[in-house]
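Trainee: So that you have it, the file is final_30.pdb, and it contains PDB, C-alpha atoms:
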```pdb
ATOM      1  CA  MET A   1      27.344 -37.460  -3.201
ATOM      2  CA  ALA A   2      26.485 -33.808  -3.833
ATOM      3  CA  MET A   3      29.868 -32.630  -2.557
ATOM      4  CA  LYS A   4      31.636 -35.215  -4.717
ATOM      5  CA  ARG A   5      29.815 -33.898  -7.780
ATOM      6  CA  LEU A   6      30.703 -30.374  -6.687
ATOM      7  CA  ALA A   7      34.390 -31.222  -6.423
ATOM      8  CA  VAL A   8      34.386 -32.910  -9.817
ATOM      9  CA  THR A   9      32.591 -30.002 -11.438
ATOM     10  CA  THR A  10      35.013 -27.498  -9.913
ATOM     11  CA  VAL A  11      37.886 -29.349 -11.547
ATOM     12  CA  LEU A  12      36.036 -29.400 -14.836
ATOM     13  CA  LEU A  13      35.257 -25.687 -14.772
ATOM     14  CA  LEU A  14      38.857 -24.869 -14.041
ATOM     15  CA  GLY A  15      39.771 -26.636 -17.236
ATOM     16  CA  ALA A  16      42.101 -29.116 -15.544
ATOM     17  CA  ALA A  17      42.428 -32.552 -16.999
ATOM     18  CA  PRO A  18      41.239 -35.394 -14.748
ATOM     19  CA  THR A  19      43.982 -37.680 -13.487
ATOM     20  CA  PRO A  20      43.196 -41.387 -13.535
ATOM     21  CA  ALA A  21      43.527 -43.316 -10.279
ATOM     22  CA  GLY A  22      47.123 -44.331  -9.644
ATOM     23  CA  ALA A  23      48.512 -41.890 -12.188
ATOM     24  CA  THR A  24      51.624 -39.870 -11.400
ATOM     25  CA  ASP A  25      52.409 -36.195 -11.906
ATOM     26  CA  ALA A  26      54.083 -37.216 -15.137
ATOM     27  CA  ALA A  27      50.763 -38.302 -16.659
ATOM     28  CA  LYS A  28      50.495 -37.457 -20.322
ATOM     29  CA  PRO A  29      48.616 -34.185 -20.935
ATOM     30  CA  MET A  30      45.481 -34.082 -23.068
ATOM     31  CA  THR A  31      45.731 -33.541 -26.778
ATOM     32  CA  ASP A  32      43.804 -30.637 -28.317
ATOM     33  CA  ALA A  33      41.191 -33.068 -29.604
ATOM     34  CA  GLU A  34      40.809 -34.730 -26.189
ATOM     35  CA  ARG A  35      40.493 -31.366 -24.498
ATOM     36  CA  ALA A  36      37.796 -30.234 -26.965
ATOM     37  CA  ALA A  37      35.836 -33.441 -26.393
ATOM     38  CA  PHE A  38      36.254 -33.064 -22.647
ATOM     39  CA  ARG A  39      34.831 -29.539 -22.747
ATOM     40  CA  VAL A  40      31.809 -30.731 -24.705
ATOM     41  CA  GLU A  41      31.271 -33.385 -22.048
ATOM     42  CA  VAL A  42      31.468 -30.784 -19.273
ATOM     43  CA  HIS A  43      29.025 -28.537 -21.131
ATOM     44  CA  ASP A  44      26.523 -31.360 -21.581
ATOM     45  CA  TYR A  45      26.906 -32.468 -17.972
ATOM     46  CA  LEU A  46      26.130 -29.002 -16.636
ATOM     47  CA  LEU A  47      23.095 -28.645 -18.878
ATOM     48  CA  GLU A  48      21.788 -31.950 -17.546
ATOM     49  CA  ASN A  49      22.654 -31.099 -13.908
ATOM     50  CA  PRO A  50      22.231 -27.311 -13.462
ATOM     51  CA  GLU A  51      21.747 -27.759  -9.702
ATOM     52  CA  VAL A  52      25.500 -28.366  -9.461
ATOM     53  CA  LEU A  53      26.111 -24.726 -10.339
ATOM     54  CA  MET A  54      23.785 -23.657  -7.518
ATOM     55  CA  GLU A  55      25.759 -25.848  -5.109
ATOM     56  CA  MET A  56      28.973 -24.223  -6.269
ATOM     57  CA  LEU A  57      27.557 -20.703  -5.875
ATOM     58  CA  ALA A  58      26.261 -21.505  -2.384
ATOM     59  CA  LEU A  59      29.647 -22.863  -1.351
ATOM     60  CA  LEU A  60      31.448 -19.844  -2.802
ATOM     61  CA  ASP A  61      29.062 -17.463  -1.041
ATOM     62  CA  ALA A  62      29.568 -19.238   2.297
ATOM     63  CA  ARG A  63      33.342 -19.108   1.938
ATOM     64  CA  GLN A  64      33.290 -15.422   0.991
ATOM     65  CA  LYS A  65      31.091 -14.560   3.982
ATOM     66  CA  ALA A  66      33.348 -16.518   6.316
ATOM     67  CA  ALA A  67      36.417 -14.731   4.952
ATOM     68  CA  ALA A  68      34.716 -11.320   5.275
ATOM     69  CA  GLU A  69      33.694 -12.017   8.874
ATOM     70  CA  LYS A  70      37.225 -13.087   9.733
ATOM     71  CA  THR A  71      38.605  -9.916   8.155
ATOM     72  CA  ASP A  72      36.050  -7.764   9.994
ATOM     73  CA  ALA A  73      36.921  -9.369  13.327
ATOM     74  CA  VAL A  74      40.608  -8.606  12.787
ATOM     75  CA  LEU A  75      39.846  -4.995  11.802
ATOM     76  CA  VAL A  76      37.652  -4.496  14.858
ATOM     77  CA  SER A  77      40.353  -5.908  17.118
ATOM     78  CA  GLU A  78      43.082  -3.764  15.569
ATOM     79  CA  ASN A  79      40.969  -0.593  15.891
ATOM     80  CA  ALA A  80      39.338  -1.334  19.253
ATOM     81  CA  ALA A  81      40.587   1.827  20.956
ATOM     82  CA  ALA A  82      39.250   4.127  18.234
ATOM     83  CA  LEU A  83      35.949   2.263  18.138
ATOM     84  CA  PHE A  84      35.183   1.733  21.798
ATOM     85  CA  ASP A  85      37.172   4.353  23.683
ATOM     86  CA  ASP A  86      37.870   7.435  21.553
ATOM     87  CA  GLY A  87      37.075   9.818  24.416
ATOM     88  CA  TYR A  88      34.617  12.008  22.517
ATOM     89  CA  SER A  89      31.767   9.989  20.982
ATOM     90  CA  TYR A  90      28.306  10.050  22.512
ATOM     91  CA  VAL A  91      27.426   7.003  24.608
ATOM     92  CA  ALA A  92      23.781   6.003  25.031
ATOM     93  CA  GLY A  93      22.268   3.153  26.993
ATOM     94  CA  ASN A  94      24.356   1.923  29.918
ATOM     95  CA  PRO A  95      27.824   3.567  29.888
ATOM     96  CA  GLU A  96      29.059   0.711  32.096
ATOM     97  CA  GLY A  97      27.383  -2.011  30.039
ATOM     98  CA  SER A  98      29.261  -5.236  29.463
ATOM     99  CA  PHE A  99      28.231  -5.384  25.791
ATOM    100  CA  THR A 100      29.024  -2.639  23.272
ATOM    101  CA  ILE A 101      27.463  -1.607  19.980
ATOM    102  CA  VAL A 102      28.958   1.148  17.824
ATOM    103  CA  GLU A 103      26.787   2.795  15.178
ATOM    104  CA  PHE A 104      28.021   5.023  12.343
ATOM    105  CA  VAL A 105      25.199   7.425  11.458
ATOM    106  CA  ASP A 106      24.238  10.127   8.990
ATOM    107  CA  TYR A 107      21.322  12.375   9.983
ATOM    108  CA  GLN A 108      19.945  12.396   6.437
ATOM    109  CA  CYS A 109      20.115   8.621   6.076
ATOM    110  CA  GLY A 110      16.604   7.199   5.779
ATOM    111  CA  PHE A 111      17.619   3.828   7.192
ATOM    112  CA  CYS A 112      19.401   5.493  10.137
ATOM    113  CA  ARG A 113      16.163   7.286  10.914
ATOM    114  CA  LYS A 114      14.192   4.077  10.468
ATOM    115  CA  SER A 115      16.412   2.091  12.826
ATOM    116  CA  PHE A 116      16.808   4.795  15.472
ATOM    117  CA  GLY A 117      13.754   3.905  17.553
ATOM    118  CA  ASP A 118      14.301   0.156  17.357
ATOM    119  CA  VAL A 119      17.974   0.387  18.313
ATOM    120  CA  HIS A 120      17.437   2.713  21.260
ATOM    121  CA  ASP A 121      14.363   0.832  22.505
ATOM    122  CA  MET A 122      16.351  -2.419  22.386
ATOM    123  CA  VAL A 123      19.303  -0.866  24.208
ATOM    124  CA  ASP A 124      17.065   0.638  26.897
ATOM    125  CA  ALA A 125      15.111  -2.608  27.368
ATOM    126  CA  ASP A 126      18.313  -4.653  27.625
ATOM    127  CA  GLY A 127      19.933  -2.493  30.275
ATOM    128  CA  ASP A 128      23.459  -3.847  29.767
ATOM    129  CA  ILE A 129      24.352  -2.425  26.350
ATOM    130  CA  ARG A 130      26.673   0.491  25.765
ATOM    131  CA  LEU A 131      25.722   2.243  22.489
ATOM    132  CA  ILE A 132      28.398   4.472  20.952
ATOM    133  CA  VAL A 133      27.314   6.886  18.210
ATOM    134  CA  LYS A 134      29.799   7.937  15.529
ATOM    135  CA  ASP A 135      28.861  10.926  13.380
ATOM    136  CA  PHE A 136      29.681   9.976   9.797
ATOM    137  CA  PRO A 137      28.168  12.515   7.359
ATOM    138  CA  ILE A 138      28.329  11.167   3.809
ATOM    139  CA  LEU A 139      25.110  12.340   2.154
ATOM    140  CA  GLY A 140      25.934  15.901   1.247
ATOM    141  CA  PRO A 141      26.012  19.400   2.781
ATOM    142  CA  GLY A 142      22.926  18.814   4.937
ATOM    143  CA  SER A 143      24.555  15.809   6.548
ATOM    144  CA  GLU A 144      27.719  17.806   7.252
ATOM    145  CA  LEU A 145      25.657  20.656   8.713
ATOM    146  CA  ALA A 146      23.765  18.341  11.067
ATOM    147  CA  ALA A 147      26.895  16.495  12.181
ATOM    148  CA  ARG A 148      28.724  19.730  12.949
ATOM    149  CA  ALA A 149      25.750  20.957  14.975
ATOM    150  CA  ALA A 150      25.598  17.679  16.893
ATOM    151  CA  ILE A 151      29.307  17.696  17.717
ATOM    152  CA  ALA A 152      29.213  21.397  18.622
ATOM    153  CA  THR A 153      26.380  20.566  21.011
ATOM    154  CA  MET A 154      28.413  17.739  22.531
ATOM    155  CA  ILE A 155      31.398  20.035  23.055
ATOM    156  CA  THR A 156      29.542  23.054  24.424
ATOM    157  CA  GLN A 157      26.467  21.565  26.089
ATOM    158  CA  GLY A 158      27.433  18.013  26.970
ATOM    159  CA  PRO A 159      26.117  14.499  26.261
ATOM    160  CA  GLU A 160      22.574  15.006  27.540
ATOM    161  CA  ALA A 161      22.013  17.872  25.103
ATOM    162  CA  TYR A 162      23.645  15.865  22.313
ATOM    163  CA  GLY A 163      21.241  13.004  23.009
ATOM    164  CA  ARG A 164      18.238  15.321  22.697
ATOM    165  CA  LEU A 165      19.479  16.771  19.416
ATOM    166  CA  ASN A 166      20.443  13.332  18.077
ATOM    167  CA  ALA A 167      16.896  12.089  18.678
ATOM    168  CA  THR A 168      15.357  15.233  17.199
ATOM    169  CA  LEU A 169      17.464  15.116  14.032
ATOM    170  CA  MET A 170      16.683  11.417  13.578
ATOM    171  CA  GLY A 171      13.011  12.304  13.819
ATOM    172  CA  LEU A 172      13.139  14.745  10.892
ATOM    173  CA  ARG A 173      11.161  13.835   7.806
ATOM    174  CA  GLU A 174      12.834  16.399   5.585
ATOM    175  CA  PRO A 175      16.337  17.266   4.364
ATOM    176  CA  VAL A 176      18.599  19.132   6.785
ATOM    177  CA  THR A 177      18.773  22.816   5.855
ATOM    178  CA  ASP A 178      19.608  25.905   7.847
ATOM    179  CA  ALA A 179      15.919  26.362   8.586
ATOM    180  CA  SER A 180      15.197  22.753   9.540
ATOM    181  CA  LEU A 181      18.356  22.603  11.659
ATOM    182  CA  ASP A 182      17.346  25.713  13.623
ATOM    183  CA  HIS A 183      13.912  24.183  14.121
ATOM    184  CA  ALA A 184      15.472  20.932  15.361
ATOM    185  CA  LEU A 185      17.755  22.813  17.748
ATOM    186  CA  THR A 186      14.772  24.667  19.159
ATOM    187  CA  LEU A 187      12.797  21.437  19.585
ATOM    188  CA  ALA A 188      15.794  19.963  21.417
ATOM    189  CA  LYS A 189      15.671  22.948  23.815
ATOM    190  CA  LEU A 190      18.899  24.406  22.513
ATOM    191  CA  ASP A 191      19.743  27.946  21.423
ATOM    192  CA  PRO A 192      20.393  27.866  17.657
ATOM    193  CA  ALA A 193      22.609  30.969  17.775
ATOM    194  CA  ALA A 194      24.753  29.550  20.570
ATOM    195  CA  ILE A 195      25.218  26.194  18.836
ATOM    196  CA  ARG A 196      26.010  27.805  15.485
ATOM    197  CA  ALA A 197      28.639  29.966  17.174
ATOM    198  CA  GLY A 198      30.572  26.814  18.003
ATOM    199  CA  MET A 199      30.205  24.982  14.700
ATOM    200  CA  ASP A 200      33.489  26.301  13.278
ATOM    201  CA  ASP A 201      35.540  24.874  16.142
ATOM    202  CA  PRO A 202      38.607  23.056  14.692
ATOM    203  CA  GLU A 203      37.934  20.264  17.175
ATOM    204  CA  ILE A 204      34.846  19.367  15.111
ATOM    205  CA  ASP A 205      37.030  18.978  12.013
ATOM    206  CA  ARG A 206      39.400  16.763  13.986
ATOM    207  CA  ARG A 207      36.633  14.462  15.231
ATOM    208  CA  LEU A 208      34.992  14.142  11.844
ATOM    209  CA  ALA A 209      38.356  13.430  10.226
ATOM    210  CA  ARG A 210      39.070  10.700  12.771
ATOM    211  CA  ASN A 211      35.646   9.149  12.208
ATOM    212  CA  ARG A 212      36.144   9.181   8.442
ATOM    213  CA  THR A 213      39.611   7.661   8.711
ATOM    214  CA  LEU A 214      38.267   4.946  10.993
ATOM    215  CA  ALA A 215      35.405   4.231   8.602
ATOM    216  CA  GLN A 216      37.811   3.977   5.688
ATOM    217  CA  THR A 217      40.024   1.591   7.651
ATOM    218  CA  LEU A 218      37.013  -0.597   8.431
ATOM    219  CA  ALA A 219      35.766  -0.473   4.805
ATOM    220  CA  ILE A 220      32.587   1.337   5.882
ATOM    221  CA  THR A 221      30.994   3.122   2.940
ATOM    222  CA  GLY A 222      27.378   3.500   4.040
ATOM    223  CA  THR A 223      25.105   4.132   6.978
ATOM    224  CA  PRO A 224      23.944   2.787   9.253
ATOM    225  CA  THR A 225      26.868   0.485   9.946
ATOM    226  CA  PHE A 226      27.031  -1.331  13.267
ATOM    227  CA  VAL A 227      29.943  -2.859  15.111
ATOM    228  CA  VAL A 228      28.241  -5.347  17.402
ATOM    229  CA  ASP A 229      30.903  -6.480  19.855
ATOM    230  CA  SER A 230      33.374  -8.091  17.399
ATOM    231  CA  LYS A 231      31.087  -8.346  14.364
ATOM    232  CA  MET A 232      30.335  -5.727  11.721
ATOM    233  CA  VAL A 233      26.856  -5.343  10.251
ATOM    234  CA  ARG A 234      26.457  -3.052   7.274
ATOM    235  CA  GLY A 235      23.017  -1.629   6.605
ATOM    236  CA  TYR A 236      19.629  -1.573   8.294
ATOM    237  CA  VAL A 237      18.905  -4.380  10.751
ATOM    238  CA  PRO A 238      15.404  -5.048  12.164
ATOM    239  CA  ARG A 239      15.260  -5.037  15.953
ATOM    240  CA  GLY A 240      14.563  -8.772  16.178
ATOM    241  CA  ASP A 241      17.609  -9.649  14.077
ATOM    242  CA  LEU A 242      19.828  -7.318  16.094
ATOM    243  CA  GLU A 243      18.600  -8.812  19.375
ATOM    244  CA  LYS A 244      19.255 -12.306  18.008
ATOM    245  CA  LEU A 245      22.811 -11.334  17.026
ATOM    246  CA  VAL A 246      23.484  -9.828  20.450
ATOM    247  CA  GLY A 247      22.248 -13.034  22.086
ATOM    248  CA  GLU A 248      24.442 -15.203  19.876
ATOM    249  CA  LEU A 249      27.554 -13.126  20.544
ATOM    250  CA  ARG A 250      26.913 -13.092  24.268
ATOM    251  CA  ALA A 251      26.519 -16.871  24.265
ATOM    252  CA  ALA A 252      29.737 -17.264  22.258
ATOM    253  CA  ASN A 253      31.653 -15.212  24.811
TER     254      ASN A 253
END
```
Render the structure in this file as structure tokens.
Mentor:
Amino acid sequence: MAMKRLAVTTVLLLGAAPTPAGATDAAKPMTDAERAAFRVEVHDYLLENPEVLMEMLALLDARQKAAAEKTDAVLVSENAAALFDDGYSYVAGNPEGSFTIVEFVDYQCGFCRKSFGDVHDMVDADGDIRLIVKDFPILGPGSELAARAAIATMITQGPEAYGRLNATLMGLREPVTDASLDHALTLAKLDPAAIRAGMDDPEIDRRLARNRTLAQTLAITGTPTFVVDSKMVRGYVPRGDLEKLVGELRAAN
């Protein structure tokens, strides 16, 4: 009954004239007077039954989400190589894991910092998740500075050193500046002078450009953004919700 009312109301809101049962396409169109009366009737009906509008909004929202998920799945599939096997991004968790999560991060993003512990604890506890980290600095010069330092560390010192610096930068409770970056490098047992010497490497520009192009292709405009297997999740996700999603996707596969 509710869906029938919804269908009728959709026709009314579109301004189309109802077609009597058995009528043909050649049915006589409404006169101006009939149309005006019909609109008054629609107006009165909606005032008396406002829940119909909520039904329509819920249906529209569901359809939009379904369309977005379908689009995301296609984008992930088309860009699988760049997402899951770019040859340079840091991989945490189990490098041979059968399930993959990609996370786009900015070291000055409060929600990236908030989710860091939950995500890594979940990945470590699971034991079969491959976590790929994509540096995606979008929050100003401090973000760019931190990302360049992280990538320079990856290039010159390797993934273990990158992992230490990644964790240290995510643990900051202040903006990234030259001073706070040097402090973070020291805490991560790295030589600030040595890392800074490699931060102008053109390879860093290339990697950041590729990450930005990939993000643009995937319609990623904020951090954190996760690609969980074939599904994209934009924004902060509590650990429990992320674990639930991983379980659902595993079951579906």
Trainee: Determine, counting all atoms listed in the file, which protein, DNA and RNA residues have an atom within 8 Å of an atom of segment 143-146 of chain A; residues of the same chain fewer than 6 positions away are not included. Present the result as a ChimeraX atom specification.
Mentor: /A:106-108,137,169,176-177,181
Trainee: If the PyMOL selection byres ((chain A and resi 154) around 10) is run on the structure shown, which residues does it catch, given as a ChimeraX atom specification?
Mentor: /A:88-90,148-153,155-163,165,195,204
Trainee: Can you list, as a CSV table (one decimal) with C-alpha atoms, keeping the file's coordinate frame, every protein, DNA or RNA residue that comes within 10 Å of Met170 of chain A when you count all atoms listed in the file, leaving out same-chain residues fewer than 6 positions away?
Mentor:
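In the end it all went to part-v7.csv:
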```
chain,number,residue,atom,x,y,z
A,105,VAL,CA,25.2,7.4,11.5
A,106,ASP,CA,24.2,10.1,9.0
A,107,TYR,CA,21.3,12.4,10.0
A,108,GLN,CA,19.9,12.4,6.4
A,109,CYS,CA,20.1,8.6,6.1
A,110,GLY,CA,16.6,7.2,5.8
A,111,PHE,CA,17.6,3.8,7.2
A,112,CYS,CA,19.4,5.5,10.1
A,113,ARG,CA,16.2,7.3,10.9
A,114,LYS,CA,14.2,4.1,10.5
A,115,SER,CA,16.4,2.1,12.8
A,116,PHE,CA,16.8,4.8,15.5
A,117,GLY,CA,13.8,3.9,17.6
A,184,ALA,CA,15.5,20.9,15.4
```
Trainee: Please list as a PyMOL selection string every residue within 8 Å of Ile129 of chain A, counting all atoms listed in the file and excluding residues in the same chain fewer than 6 positions away.
Mentor: chain A and resi 93-95+97-101+123
Trainee: How would the residues just picked look written out with C-alpha atoms as a compact mmCIF listing (two decimals), in the coordinates of the input?
Mentor:
```txt
# COMPACT_ATOMS: atom_id res chain seq x y z
CA GLY A 93 22.27 3.15 26.99
CA ASN A 94 24.36 1.92 29.92
CA PRO A 95 27.82 3.57 29.89
CA GLY A 97 27.38 -2.01 30.04
CA SER A 98 29.26 -5.24 29.46
CA PHE A 99 28.23 -5.38 25.79
CA THR A 100 29.02 -2.64 23.27
CA ILE A 101 27.46 -1.61 19.98
CA VAL A 123 19.30 -0.87 24.21
```
Trainee: Tell me, as an MDAnalysis selection string, which residues lie within 12 Å of Thr225 of chain A, counting all atoms listed in the file; anything in the same chain fewer than 6 positions away does not count.
Mentor: chainID A and resid 101:106 109 111:112 115 132:136 215 218:219 231:237
Trainee: List the residues sitting within 9 Å of (36.5, -6.2, 13.0) in the file's frame, using all atoms listed in the file, as a ChimeraX atom specification.
Mentor: /A:69-80,218,227,229-232
Trainee: Any chance you could export the current selection's C-alpha atoms as an mmCIF file, in the frame of the given file?
Mentor:
```
data_model
loop_
_atom_site.group_PDB
_atom_site.id
_atom_site.type_symbol
_atom_site.label_atom_id
_atom_site.label_comp_id
_atom_site.auth_asym_id
_atom_site.auth_seq_id
_atom_site.Cartn_x
_atom_site.Cartn_y
_atom_site.Cartn_z
ATOM 1 C CA GLU A 69 33.694 -12.017 8.874
ATOM 2 C CA LYS A 70 37.225 -13.087 9.733
ATOM 3 C CA THR A 71 38.605 -9.916 8.155
ATOM 4 C CA ASP A 72 36.050 -7.764 9.994
ATOM 5 C CA ALA A 73 36.921 -9.369 13.327
ATOM 6 C CA VAL A 74 40.608 -8.606 12.787
ATOM 7 C CA LEU A 75 39.846 -4.995 11.802
ATOM 8 C CA VAL A 76 37.652 -4.496 14.858
ATOM 9 C CA SER A 77 40.353 -5.908 17.118
ATOM 10 C CA GLU A 78 43.082 -3.764 15.569
ATOM 11 C CA ASN A 79 40.969 -0.593 15.891
ATOM 12 C CA ALA A 80 39.338 -1.334 19.253
ATOM 13 C CA LEU A 218 37.013 -0.597 8.431
ATOM 14 C CA VAL A 227 29.943 -2.859 15.111
ATOM 15 C CA ASP A 229 30.903 -6.480 19.855
ATOM 16 C CA SER A 230 33.374 -8.091 17.399
ATOM 17 C CA LYS A 231 31.087 -8.346 14.364
ATOM 18 C CA MET A 232 30.335 -5.727 11.721
#
```
Trainee: Hey, can you check how far atom CA of Thr168 of chain A sits from atom CA of Leu187 of chain A?
Mentor: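 Distance reported for this atom pair: 7.1 Å.
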Trainee: Just how far from atom CA of Val228 of chain A is atom CA of Arg250 of chain A, in Å to one decimal?
Mentor: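 Computing the Euclidean distance for atom CA of Arg250 of chain A and atom CA of Val228 of chain A yields 10.4 Å.
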Trainee: Which of these residues is nearest to Leu214 of chain A, using only C-alpha atoms: A:Asp86, A:Met199, A:Val42, A:Met54?
Mentor: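 Closest candidate: A:Asp86.
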Trainee: Box for segment 171-188 of chain A - axis-aligned, 8 Å on each of the six sides, all listed atoms - centre and size in Å to one decimal, as AutoDock Vina command-line options.
Mentor:
```
--center_x 15.4 --center_y 19.3 --center_z 12.9 --size_x 24.4 --size_y 30.1 --size_z 33.1
```
Trainee: What does the distance between atom CA of Gln216 of chain A and atom CA of Glu203 of chain A come to in Å, to one decimal place?
Mentor: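 About the pair atom CA of Gln216 of chain A and atom CA of Glu203 of chain A: they are 19.9 Å apart.
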Trainee: Given the choices A:Thr221, A:Arg164, A:Asp32, A:Ala179, which gets closest to Pro192 of chain A if the distance is worked out from all atoms listed in the file?
Mentor: A:Ala179
Trainee: So which one's closest to Ser180 of chain A, A:Glu48, A:Leu83, A:Gly142, A:Arg239? Using all atoms listed in the file, please.
Mentor: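 Smallest separation from Ser180 of chain A among the options: A:Gly142.
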